[in-house]
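Visitor: Following this line is my_file_33.tsv, made up of TSV, C-alpha atoms and all ligand atoms:
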```tsv
chain	number	residue	atom	x	y	z
A	1	MET	CA	2.87	21.81	4.54
A	2	LEU	CA	2.58	23.70	7.81
A	3	LYS	CA	-0.08	25.97	6.36
A	4	LYS	CA	-2.07	23.01	5.05
A	5	ALA	CA	-1.79	21.29	8.42
A	6	HIS	CA	-3.28	24.39	10.04
A	7	ILE	CA	-6.16	24.37	7.55
A	8	LEU	CA	-6.78	20.73	8.48
A	9	LYS	CA	-6.55	21.49	12.19
A	10	GLU	CA	-9.20	24.20	11.80
A	11	LEU	CA	-11.45	21.81	9.87
A	12	LEU	CA	-11.20	19.29	12.69
A	13	ARG	CA	-12.03	21.77	15.45
A	14	GLU	CA	-15.74	20.79	15.54
A	15	PRO	CA	-17.00	17.17	15.50
A	16	LYS	CA	-17.49	15.98	11.93
A	17	ARG	CA	-18.74	12.92	10.05
A	18	ILE	CA	-15.63	11.52	8.43
A	19	VAL	CA	-14.89	8.73	5.96
A	20	ILE	CA	-11.35	7.43	5.51
A	21	THR	CA	-10.58	5.39	2.42
A	22	THR	CA	-7.53	3.88	0.76
A	23	HIS	CA	-6.52	1.98	-2.38
A	24	ARG	CA	-7.81	-1.42	-3.44
A	25	GLY	CA	-5.82	-4.36	-2.11
A	26	PRO	CA	-4.80	-2.32	0.94
A	27	ASP	CA	-1.28	-3.05	2.17
A	28	GLY	CA	0.37	-2.35	5.51
A	29	ASP	CA	0.86	1.33	4.75
A	30	ALA	CA	-2.71	1.78	3.49
A	31	MET	CA	-4.23	0.13	6.56
A	32	GLY	CA	-1.63	1.48	9.01
A	33	ALA	CA	-2.21	5.08	7.94
A	34	SER	CA	-6.00	4.64	7.72
A	35	LEU	CA	-6.33	3.08	11.16
A	36	ALA	CA	-3.88	5.52	12.78
A	37	LEU	CA	-6.02	8.37	11.46
A	38	TYR	CA	-9.22	6.53	12.48
A	39	ASN	CA	-8.00	6.19	16.06
A	40	LEU	CA	-6.79	9.79	16.23
A	41	LEU	CA	-10.01	11.29	14.87
A	42	THR	CA	-12.26	9.03	16.96
A	43	ASN	CA	-10.33	9.94	20.11
A	44	ILE	CA	-10.85	13.65	19.50
A	45	GLY	CA	-14.59	13.26	19.09
A	46	HIS	CA	-15.32	12.74	15.40
A	47	ASN	CA	-17.66	10.16	13.94
A	48	VAL	CA	-15.37	8.10	11.70
A	49	ASP	CA	-15.76	5.19	9.27
A	50	VAL	CA	-12.98	3.46	7.35
A	51	ILE	CA	-14.16	2.07	4.00
A	52	THR	CA	-11.76	-0.06	1.93
A	53	PRO	CA	-12.56	-1.00	-1.69
A	54	ASN	CA	-12.00	-4.69	-0.91
A	55	ASP	CA	-10.44	-7.07	1.61
A	56	TYR	CA	-6.84	-7.32	2.79
A	57	ALA	CA	-4.33	-9.73	4.31
A	58	SER	CA	-5.27	-11.35	7.63
A	59	PHE	CA	-1.85	-10.42	9.10
A	60	LEU	CA	-3.15	-6.84	9.21
A	61	HIS	CA	-6.37	-7.68	11.05
A	62	TRP	CA	-4.92	-7.33	14.56
A	63	MET	CA	-4.51	-3.57	14.22
A	64	PRO	CA	-6.51	-1.37	16.60
A	65	GLY	CA	-9.73	-0.21	14.95
A	66	ASN	CA	-9.75	-3.05	12.39
A	67	ASP	CA	-13.14	-4.35	13.59
A	68	SER	CA	-14.87	-1.22	12.44
A	69	VAL	CA	-13.48	-1.32	8.87
A	70	ILE	CA	-16.16	-1.69	6.18
A	71	GLU	CA	-15.34	-3.38	2.87
A	72	TYR	CA	-17.11	-1.68	-0.02
A	73	ASN	CA	-17.42	-5.00	-1.87
A	74	GLY	CA	-20.58	-6.55	-0.48
A	75	ASN	CA	-21.58	-3.46	1.55
A	76	GLU	CA	-22.21	-1.07	-1.32
A	77	LEU	CA	-25.50	0.42	-0.13
A	78	SER	CA	-24.48	1.09	3.48
A	79	SER	CA	-21.07	2.42	2.36
A	80	ASP	CA	-22.72	4.76	-0.14
A	81	ALA	CA	-25.16	5.99	2.53
A	82	ILE	CA	-22.33	6.70	4.99
A	83	THR	CA	-20.23	8.42	2.33
A	84	ASN	CA	-23.12	10.56	1.11
A	85	LYS	CA	-23.53	11.95	4.63
A	86	ALA	CA	-19.81	12.59	5.24
A	87	ASP	CA	-18.49	16.10	5.87
A	88	ILE	CA	-14.88	15.11	5.14
A	89	ILE	CA	-13.38	12.24	3.13
A	90	PHE	CA	-9.74	11.35	3.69
A	91	MET	CA	-8.06	9.51	0.82
A	92	LEU	CA	-4.86	7.82	1.86
A	93	ASP	CA	-1.98	6.19	-0.01
A	94	PHE	CA	-3.11	6.56	-3.61
A	95	ASN	CA	-2.76	9.18	-6.33
A	96	CYS	CA	-5.64	8.54	-8.72
A	97	ILE	CA	-9.29	7.88	-8.02
A	98	SER	CA	-9.46	4.67	-10.10
A	99	ARG	CA	-7.51	2.95	-7.29
A	100	LEU	CA	-10.83	2.93	-5.40
A	101	ASP	CA	-12.45	0.61	-7.97
A	102	LYS	CA	-16.25	0.63	-7.70
A	103	PHE	CA	-16.16	2.97	-4.68
A	104	ALA	CA	-14.60	5.71	-6.87
A	105	ASP	CA	-17.93	6.80	-8.28
A	106	THR	CA	-19.48	7.45	-4.86
A	107	VAL	CA	-16.43	9.35	-3.63
A	108	ASN	CA	-16.31	11.38	-6.85
A	109	LYS	CA	-19.94	12.42	-6.56
A	110	SER	CA	-19.85	13.27	-2.86
A	111	ASP	CA	-19.76	16.97	-1.90
A	112	ALA	CA	-17.69	16.25	1.19
A	113	TYR	CA	-14.44	18.18	1.68
A	114	LYS	CA	-11.72	15.87	0.39
A	115	VAL	CA	-8.26	15.50	1.82
A	116	LEU	CA	-5.60	13.47	0.00
A	117	MET	CA	-2.49	12.24	1.83
A	118	ASP	CA	-0.11	10.29	-0.36
A	119	HIS	CA	3.50	9.59	-1.25
A	120	HIS	CA	3.14	8.47	-4.88
A	121	GLN	CA	4.44	10.62	-7.71
A	122	ASP	CA	2.18	12.96	-9.69
A	123	PRO	CA	-1.05	12.88	-7.71
A	124	ASP	CA	-4.19	13.83	-9.63
A	125	MET	CA	-4.70	17.34	-8.23
A	126	ASN	CA	-8.39	17.33	-9.20
A	127	ILE	CA	-9.49	14.63	-6.78
A	128	ALA	CA	-9.18	16.56	-3.51
A	129	ASP	CA	-9.60	19.99	-1.93
A	130	LEU	CA	-6.54	19.70	0.29
A	131	ILE	CA	-3.52	17.68	-0.83
A	132	PHE	CA	-0.60	16.49	1.27
A	133	SER	CA	1.76	14.92	-1.24
A	134	ASP	CA	5.39	13.98	-0.67
A	135	PRO	CA	6.88	11.48	-3.14
A	136	ASP	CA	10.15	11.51	-1.19
A	137	CYS	CA	8.42	10.26	1.93
A	138	CYS	CA	8.82	6.50	2.50
A	139	SER	CA	5.19	5.92	3.40
A	140	THR	CA	1.83	7.58	3.80
A	141	ALA	CA	2.03	6.62	7.48
A	142	GLN	CA	5.16	8.75	7.92
A	143	LEU	CA	3.51	11.61	6.04
A	144	LEU	CA	0.52	11.34	8.38
A	145	TYR	CA	2.88	11.44	11.36
A	146	ASP	CA	4.42	14.67	9.98
A	147	VAL	CA	0.95	16.19	9.53
A	148	ILE	CA	-0.02	15.24	13.10
A	149	ILE	CA	3.14	16.95	14.38
A	150	ASP	CA	2.44	20.03	12.23
A	151	MET	CA	-1.09	20.14	13.68
A	152	GLU	CA	0.58	20.22	17.12
A	153	MET	CA	-1.24	17.04	18.09
A	154	SER	CA	1.72	14.85	19.04
A	155	ASN	CA	0.24	14.50	22.53
A	156	LYS	CA	-2.72	12.69	20.94
A	157	ILE	CA	-0.52	9.85	19.65
A	158	ASN	CA	-1.23	6.93	21.98
A	159	GLN	CA	0.00	3.34	21.76
A	160	ASP	CA	-2.72	2.32	19.25
A	161	ILE	CA	-1.91	5.18	16.89
A	162	ALA	CA	1.85	4.68	17.31
A	163	GLU	CA	1.52	0.97	16.41
A	164	CYS	CA	-0.59	1.67	13.29
A	165	ILE	CA	1.93	4.26	12.06
A	166	TYR	CA	4.77	1.84	12.85
A	167	VAL	CA	3.13	-0.81	10.63
A	168	GLY	CA	2.84	1.62	7.71
A	169	ILE	CA	6.45	2.74	7.90
A	170	MET	CA	7.84	-0.73	8.53
A	171	THR	CA	6.01	-2.41	5.64
A	172	ASP	CA	6.56	0.34	3.05
A	173	THR	CA	10.29	0.54	3.81
A	174	GLY	CA	10.81	-3.26	3.69
A	175	SER	CA	11.64	-3.10	7.42
A	176	PHE	CA	13.68	0.11	7.15
A	177	LYS	CA	15.93	-1.06	4.31
A	178	TYR	CA	14.68	0.70	1.15
A	179	SER	CA	16.41	3.87	-0.01
A	180	SER	CA	13.36	5.88	1.08
A	181	THR	CA	14.38	5.19	4.69
A	182	THR	CA	16.04	8.30	6.12
A	183	SER	CA	17.32	9.47	9.48
A	184	ALA	CA	13.96	11.22	9.87
A	185	THR	CA	12.29	7.82	9.49
A	186	HIS	CA	14.43	6.36	12.26
A	187	ASN	CA	13.78	9.39	14.49
A	188	ILE	CA	10.04	8.94	14.00
A	189	ILE	CA	10.31	5.22	14.76
A	190	ALA	CA	12.13	6.11	17.99
A	191	GLU	CA	9.29	8.48	18.93
A	192	LEU	CA	6.70	5.79	18.14
A	193	ILE	CA	8.48	3.32	20.40
A	194	LYS	CA	8.52	5.97	23.13
A	195	LYS	CA	4.76	6.31	22.64
A	196	GLY	CA	4.39	2.59	23.31
A	197	ALA	CA	4.75	0.88	19.92
A	198	ARG	CA	5.86	-2.70	20.63
A	199	ASN	CA	8.28	-3.16	17.74
A	200	THR	CA	9.15	-6.85	18.22
A	201	ARG	CA	5.50	-7.80	18.65
A	202	ILE	CA	4.58	-5.92	15.48
A	203	HIS	CA	7.32	-7.65	13.46
A	204	ASP	CA	6.07	-11.02	14.72
A	205	LEU	CA	2.44	-10.26	13.93
A	206	ILE	CA	3.19	-9.08	10.40
A	207	TYR	CA	6.11	-11.23	9.26
A	208	ASP	CA	6.37	-14.34	11.44
A	209	ASN	CA	2.79	-15.27	10.88
A	210	TYR	CA	2.84	-17.70	7.96
A	211	SER	CA	0.35	-20.54	7.67
A	212	ALA	CA	1.97	-23.85	6.67
A	213	ASP	CA	0.29	-23.51	3.24
A	214	ARG	CA	1.74	-20.03	2.72
A	215	MET	CA	5.25	-21.20	3.61
A	216	LYS	CA	4.91	-24.14	1.19
A	217	LEU	CA	3.69	-21.79	-1.55
A	218	LEU	CA	6.81	-19.67	-1.01
A	219	GLY	CA	8.99	-22.79	-1.22
A	220	TYR	CA	7.22	-23.84	-4.44
A	221	CYS	CA	7.78	-20.40	-5.99
A	222	ILE	CA	11.48	-20.44	-5.22
A	223	ASN	CA	12.05	-24.08	-6.11
A	224	ASP	CA	9.80	-24.54	-9.14
A	225	LYS	CA	8.70	-21.18	-10.44
A	226	LEU	CA	11.68	-18.84	-10.38
A	227	LEU	CA	12.77	-17.89	-13.90
A	228	LEU	CA	16.18	-16.23	-13.91
A	229	TYR	CA	17.61	-14.14	-16.73
A	230	PRO	CA	21.07	-13.47	-15.31
A	231	LYS	CA	22.35	-11.85	-18.51
A	232	ASN	CA	19.77	-9.13	-18.07
A	233	ASN	CA	19.76	-9.18	-14.26
A	234	SER	CA	16.07	-10.01	-14.21
A	235	ALA	CA	13.73	-12.59	-12.72
A	236	ILE	CA	10.11	-13.65	-13.11
A	237	ILE	CA	7.85	-15.70	-10.84
A	238	SER	CA	4.33	-16.59	-11.98
A	239	LEU	CA	1.35	-18.29	-10.33
A	240	THR	CA	-1.88	-19.45	-11.97
A	241	SER	CA	-5.12	-19.63	-10.03
A	242	GLU	CA	-4.87	-23.45	-10.11
A	243	GLU	CA	-1.50	-23.24	-8.39
A	244	LEU	CA	-2.91	-20.87	-5.77
A	245	ASP	CA	-5.80	-23.28	-5.15
A	246	ARG	CA	-3.32	-26.09	-4.62
A	247	PHE	CA	-1.86	-24.16	-1.68
A	248	ASN	CA	-5.27	-23.03	-0.34
A	249	PHE	CA	-4.45	-19.44	-1.17
A	250	LYS	CA	-5.60	-16.75	1.27
A	251	LYS	CA	-5.37	-13.01	0.68
A	252	GLY	CA	-1.84	-11.84	1.49
A	253	ASP	CA	-0.17	-15.22	0.88
A	254	THR	CA	1.80	-13.95	-2.12
A	255	GLU	CA	3.04	-10.84	-0.35
A	256	GLY	CA	6.83	-10.76	-0.02
A	257	ILE	CA	7.47	-13.57	-2.55
A	258	ILE	CA	8.85	-11.09	-5.08
A	259	ASN	CA	11.55	-10.02	-2.60
A	260	TYR	CA	13.15	-13.47	-2.85
A	261	ALA	CA	13.57	-13.03	-6.62
A	262	LEU	CA	15.25	-9.71	-5.96
A	263	ALA	CA	17.45	-11.30	-3.29
A	264	VAL	CA	19.25	-13.41	-5.90
A	265	LYS	CA	22.72	-11.97	-6.44
A	266	GLY	CA	22.81	-9.59	-9.40
A	267	ILE	CA	19.03	-9.35	-9.92
A	268	ILE	CA	17.86	-5.76	-10.16
A	269	PHE	CA	14.45	-6.28	-11.83
A	270	ALA	CA	11.90	-8.80	-10.62
A	271	VAL	CA	8.31	-9.44	-11.65
A	272	LEU	CA	5.64	-11.48	-9.90
A	273	ILE	CA	2.67	-12.47	-12.05
A	274	VAL	CA	-0.40	-13.75	-10.20
A	275	GLN	CA	-3.71	-14.86	-11.68
A	276	ARG	CA	-6.60	-14.44	-9.30
A	277	GLU	CA	-10.35	-14.12	-9.75
A	278	GLY	CA	-9.85	-13.99	-13.52
A	279	VAL	CA	-7.40	-11.09	-13.35
A	280	VAL	CA	-3.64	-11.21	-13.92
A	281	LYS	CA	-1.90	-8.85	-11.49
A	282	LEU	CA	1.76	-7.89	-11.71
A	283	SER	CA	4.09	-6.76	-8.96
A	284	LEU	CA	7.29	-5.15	-10.20
A	285	ARG	CA	10.34	-4.46	-8.07
A	286	SER	CA	13.78	-3.08	-8.85
A	287	LYS	CA	16.99	-1.93	-7.28
A	288	GLY	CA	18.68	1.36	-8.13
A	289	ASN	CA	17.63	3.56	-11.03
A	290	PHE	CA	15.53	1.13	-13.03
A	291	LYS	CA	12.08	2.73	-12.84
A	292	VAL	CA	9.43	0.04	-12.59
A	293	ASN	CA	6.62	2.58	-12.19
A	294	LEU	CA	7.26	3.67	-15.79
A	295	ILE	CA	7.14	0.04	-16.97
A	296	ALA	CA	3.93	-0.58	-15.02
A	297	ASN	CA	2.38	2.52	-16.49
A	298	LYS	CA	3.49	1.95	-20.07
A	299	PHE	CA	2.68	-1.75	-20.39
A	300	PHE	CA	0.29	-2.74	-17.61
A	301	ASN	CA	-2.06	0.16	-16.96
A	302	GLY	CA	-0.54	0.62	-13.51
A	303	GLY	CA	1.96	2.68	-11.60
A	304	GLY	CA	3.62	3.02	-8.22
A	305	HIS	CA	7.09	4.02	-7.10
A	306	GLN	CA	10.50	3.87	-8.80
A	307	ASN	CA	11.42	0.57	-7.11
A	308	ALA	CA	7.98	-0.92	-6.39
A	309	ALA	CA	5.03	-0.81	-8.74
A	310	GLY	CA	2.09	-2.85	-9.93
A	311	GLY	CA	-0.37	-3.25	-12.75
A	312	ILE	CA	-2.70	-5.63	-14.54
A	313	SER	CA	-2.60	-7.65	-17.75
A	314	ASN	CA	-5.26	-9.18	-19.95
A	315	LEU	CA	-2.87	-11.56	-21.71
A	316	GLY	CA	-3.30	-14.51	-19.35
A	317	VAL	CA	-0.36	-15.89	-17.36
A	318	GLU	CA	1.61	-17.33	-20.28
A	319	GLY	CA	1.02	-14.26	-22.43
A	320	THR	CA	2.10	-11.99	-19.59
A	321	ILE	CA	5.31	-13.96	-19.05
A	322	LYS	CA	6.03	-13.60	-22.77
A	323	LYS	CA	5.35	-9.86	-22.58
A	324	VAL	CA	7.66	-9.42	-19.57
A	325	LYS	CA	10.41	-11.34	-21.39
A	326	GLU	CA	10.00	-8.93	-24.33
A	327	ILE	CA	10.23	-5.98	-21.94
A	328	ILE	CA	13.43	-7.40	-20.45
A	329	GLU	CA	14.85	-7.56	-23.98
A	330	ILE	CA	13.74	-4.01	-24.78
A	331	TYR	CA	15.38	-2.64	-21.62
A	332	LYS	CA	18.46	-4.88	-21.61
A	333	GLU	CA	20.90	-1.99	-21.93
A	334	GLU	CA	19.44	-0.17	-18.92
A	335	LEU	CA	19.32	-3.45	-17.00
A	336	ASN	CA	22.99	-4.02	-17.67
A	337	ASN	CA	24.14	-0.61	-16.55
B	1	LIG	P1	2.21	-4.41	-5.03
B	1	LIG	O1	3.16	-5.02	-5.99
B	1	LIG	O2	2.65	-4.59	-3.63
B	1	LIG	O3	0.79	-4.79	-5.30
B	1	LIG	O4	2.26	-2.85	-5.31
B	1	LIG	C1	3.42	-2.11	-5.16
B	1	LIG	C2	3.11	-0.65	-5.35
B	1	LIG	O5	2.71	-0.45	-6.70
B	1	LIG	C3	1.96	-0.16	-4.51
B	1	LIG	O6	2.41	0.42	-3.34
B	1	LIG	C4	1.29	0.85	-5.39
B	1	LIG	O7	1.95	2.07	-5.21
B	1	LIG	C5	1.61	0.42	-6.78
B	1	LIG	N1	0.54	-0.30	-7.50
B	1	LIG	C6	0.22	-1.61	-7.41
B	1	LIG	N2	-0.77	-1.94	-8.23
B	1	LIG	C7	-1.09	-0.81	-8.89
B	1	LIG	C8	-2.07	-0.49	-9.92
B	1	LIG	O8	-2.83	-1.33	-10.39
B	1	LIG	N3	-2.11	0.82	-10.32
B	1	LIG	C9	-1.27	1.77	-9.82
B	1	LIG	N4	-1.38	3.03	-10.29
B	1	LIG	N5	-0.36	1.50	-8.88
B	1	LIG	C10	-0.26	0.25	-8.42
B	2	MN	MN	2.33	3.45	0.63
```
Could the structure of this file be written out as structure tokens, please?

Guide:
Amino acid sequence: MLKKAHILKELLREPKRIVITTHRGPDGDAMGASLALYNLLTNIGHNVDVITPNDYASFLHWMPGNDSVIEYNGNELSSDAITNKADIIFMLDFNCISRLDKFADTVNKSDAYKVLMDHHQDPDMNIADLIFSDPDCCSTAQLLYDVIIDMEMSNKINQDIAECIYVGIMTDTGSFKYSSTTSATHNIIAELIKKGARNTRIHDLIYDNYSADRMKLLGYCINDKLLLYPKNNSAIISLTSEELDRFNFKKGDTEGIINYALAVKGIIFAVLIVQREGVVKLSLRSKGNFKVNLIANKFFNGGGHQNAAGGISNLGVEGTIKKVKEIIEIYKEELNN
């Protein structure tokens, strides 16, 4: 990785036009890594734009640099024009180009030098010229931190950059509790706090920031919508678009709900099914060796990590619940191990 970091450092020696992009439905790691890199590259004299395929949760909007983010949806022409002029495109926190949705085509066709930084398994090696890939790394934000250190640019990490990286690591490790959290992660967090990251403030802004409607939606999911299959250590929660409307759904409101299903004693496999804008989206989570990325890939045209993955379904909400129940039956031996 050191050699690659030196290649990148050389590339960044002269001011460049740079586009940073990340996966659709950007989460804390996607936006944390993107905005950390945005702030770093802007501070050292590059002309930088962050383009996301679509919008993201409002609890991420406080991050430094957020005001300059462009959503591809609704800004197609200007985004294409910016991307067509870019010298370098950074692609963060995804491993296949389809995760960019409609923006994929423009990125694919661009002759910019492409740099992928990602922690998902099996990245598509054809989508970039320079690839930083580490599936053992807890987050793309931590991977970016490592690259910054390898580029000998740690002195460029200011409070803004430290806070963006903190968000990425914190959200992708479930607040430092997933098995991907290592002593290296904690050492990096210590460095980020030394650089000025206000850890308590960040936790408050991300997690203790529920609207009343969002809190009531969570209560409804736990009280009325939690299906438990204790024999197979599994759980399902589903939400139709009508139910979301009832709680005045805003982007990000369903984030974290799945963790409550997994918090029930004995549950090692949990699925959240959400119908939104005509699409049924699944979030899959597990504990231990049960590999939800394989399930997402095999049944729901998706992917992700061993313990956190996602995908889509065209079976409607009821049909998807039925399908997940079948999957639980198919895998009952593994789920009981
Ligand atoms: P979430 O359930 O939070 O939407 O996604 C969890 C993880 O699953 C994400 O970090 C991402 O790695 C992966 N993921 C979610 N949706 C998709 C999808 O549609 N395709 C792929 N390949 N991965 C996904
Ligand atoms: Mn990530």

Visitor: Can you pull out the residues contacting Asn158 (chain A)? Cut-off 10 Å, using only C-alpha atoms, and skip same-chain residues under 6 positions away; I want them as a ChimeraX atom specification.

Guide: /A:36,39-40,43,192,194-197

Visitor: Once you count all atoms listed in the file, which residues end up no further than 9 Å from (-10.6, 14.6, -8.7) in the file's frame, shown as a ChimeraX atom specification?

Guide: /A:96-97,108,124-129

Visitor: Grab me every residue within 12 Å of ligand MN 2 (chain B), counting all atoms listed in the file, and send it over as number ranges by chain.

Guide: A: 22-34, 92-95, 117-121, 133-144, 165, 167-174, 180, 304-305, 308-309

Visitor: Let me see the file: selected residues, C-alpha atoms, as a compact mmCIF listing (two decimals), in the frame of the given file.

Guide:
```txt
# COMPACT_ATOMS: atom_id res chain seq x y z
CA THR A 22 -7.53 3.88 0.76
CA HIS A 23 -6.52 1.98 -2.38
CA ARG A 24 -7.81 -1.42 -3.44
CA GLY A 25 -5.82 -4.36 -2.11
CA PRO A 26 -4.80 -2.32 0.94
CA ASP A 27 -1.28 -3.05 2.17
CA GLY A 28 0.37 -2.35 5.51
CA ASP A 29 0.86 1.33 4.75
CA ALA A 30 -2.71 1.78 3.49
CA MET A 31 -4.23 0.13 6.56
CA GLY A 32 -1.63 1.48 9.01
CA ALA A 33 -2.21 5.08 7.94
CA SER A 34 -6.00 4.64 7.72
CA LEU A 92 -4.86 7.82 1.86
CA ASP A 93 -1.98 6.19 -0.01
CA PHE A 94 -3.11 6.56 -3.61
CA ASN A 95 -2.76 9.18 -6.33
CA MET A 117 -2.49 12.24 1.83
CA ASP A 118 -0.11 10.29 -0.36
CA HIS A 119 3.50 9.59 -1.25
CA HIS A 120 3.14 8.47 -4.88
CA GLN A 121 4.44 10.62 -7.71
CA SER A 133 1.76 14.92 -1.24
CA ASP A 134 5.39 13.98 -0.67
CA PRO A 135 6.88 11.48 -3.14
CA ASP A 136 10.15 11.51 -1.19
CA CYS A 137 8.42 10.26 1.93
CA CYS A 138 8.82 6.50 2.50
CA SER A 139 5.19 5.92 3.40
CA THR A 140 1.83 7.58 3.80
CA ALA A 141 2.03 6.62 7.48
CA GLN A 142 5.16 8.75 7.92
CA LEU A 143 3.51 11.61 6.04
CA LEU A 144 0.52 11.34 8.38
CA ILE A 165 1.93 4.26 12.06
CA VAL A 167 3.13 -0.81 10.63
CA GLY A 168 2.84 1.62 7.71
CA ILE A 169 6.45 2.74 7.90
CA MET A 170 7.84 -0.73 8.53
CA THR A 171 6.01 -2.41 5.64
CA ASP A 172 6.56 0.34 3.05
CA THR A 173 10.29 0.54 3.81
CA GLY A 174 10.81 -3.26 3.69
CA SER A 180 13.36 5.88 1.08
CA GLY A 304 3.62 3.02 -8.22
CA HIS A 305 7.09 4.02 -7.10
CA ALA A 308 7.98 -0.92 -6.39
CA ALA A 309 5.03 -0.81 -8.74
```

Visitor: Using all atoms listed in the file, pick whichever of A:Lys291, A:Lys332, A:Arg214, A:Lys109 has the shortest atom-to-atom distance to ligand LIG 1 (chain B).

Guide: A:Lys291

Visitor: For each of A:Met215, A:Ile89, A:Val69, A:Ile268, take the minimum atom-to-atom distance to Glu255 (chain A), counting all atoms listed in the file, then give the residue where this is smallest.

Guide: A:Met215
